[in-house]
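Asker: Can you keep this structure in mind? I'll have questions shortly.
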Amino acid sequence: MSPVVVHPLEFAGRSVSHKFEDLRAKLKQEGARGLVIAALDEVCFRSKKISLFLSSALECILIGGLMQVAWLYNIRGTDVAYCPVVHAFAILTTDSAFLYVDKKKVSDEANSYFNGLGVEVREYTDVISDVALLASDRLISSFASKTVQHEAAKDMEIDSDQPDRLWVDPASCCYALYSKLDAEKVLLQPSPISLSKALKVIKNDF
């Protein structure tokens with residue numbers, strides 16, 4: 001069993017909390033509600049440039065690729081030969097974060113790490129049903145306070161024109177997830193994280 005390994009900040013370059021903060025600020029700025037990271041290539045990322053790709057009519061991004069999940073959450077693994085990734089999916093919204101992985105791979109230390117970040121770890125196979133819940137705006141994290149949930153519901157009632165689309169990378173999103181979405185509310189476009197992930201880490205920018 002290949003365990004989930006926390007990637008040290010000194011090598012990752014930026015903390016996950018700062019990545020969340022930057023990304024959520026961009027989501028709010030663009031009127032977006034969340035980000036979905038599908039497959040292994042996007043969960044380890046730096047989101048400072050993500051606003052270049054978001055539109056005001058976008059609610060959420062469905063992203064594919066194994067390296068991306070590891071990048072966002074600063075984690076590594078050995079699920080793929082010669083590639084330090086973990087078989088996982090992720091969802092990030094304005095007030096919650098999820099990691100979908102075989103829980104047997106998550107040690108007590110890694111679980112404490114995720115809890116500290118407010119990341120809810122769910123079983124790998126739960127991602128399909130959760131994407132369906134996200135598409136209907138019914139995905140709720142156990143870390144989200146009842147106050148936050150109430151305010152979110154209140155905002156939804158007030159603003160009926162709130163963005164309601166999911167961003168899907170057609171080159172990497174699997175049909176099992178795509179089929180759970182409303183095709184009329186999907187933005188088919190290359191993932192915005194690939195370019196951000198390619199940027200060099202700025203020294204001491206933690």
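Lettering and numbering for the structure tokens are positional, with chains as A, B, ... in the shown order, residues counted from 1 in each chain, and ligands counted from 1 in the shown order.
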Using only C-alpha atoms, which residues sit within 6 Å of A:Val85 once same-chain residues fewer than 3 positions away are excluded, as a list in words?
Answerer: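 What passes the distance filter is Arg76, Gly77 and Thr78 of chain A.
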Asker: Would you give me, as CSV, each residue of stretch 126-147 of chain A having an atom within 9 Å of an atom of stretch 111-119 of chain A, along with its shortest atom pair and that distance in Å to one decimal, using only C-alpha atoms and sorting by chain and residue number?
Answerer:
residue,atom,partner,partner_atom,distance
A:Ser141,CA,A:Val119,CA,8.6
A:Phe143,CA,A:Gly118,CA,6.2
A:Ala144,CA,A:Gly118,CA,8.7
Asker: In Å, with one decimal, what is the gap from atom CA of A:Glu21 to atom CA of A:Tyr73?
Answerer: 12.8 Å
Asker: What is the atom CA of A:Ala88-atom CA of A:Lys103 distance in Å, reported with one decimal?
Answerer: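 Interatomic distance, atom CA of A:Ala88 to atom CA of A:Lys103: 10.4 Å.
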Asker: Measuring between only C-alpha atoms, which one of A:Leu92, A:Val121, A:Ala81, A:Ala171 shows the shortest distance to A:Arg24?
Answerer: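 Residue with the minimum atom-to-atom distance to A:Arg24: A:Leu92.
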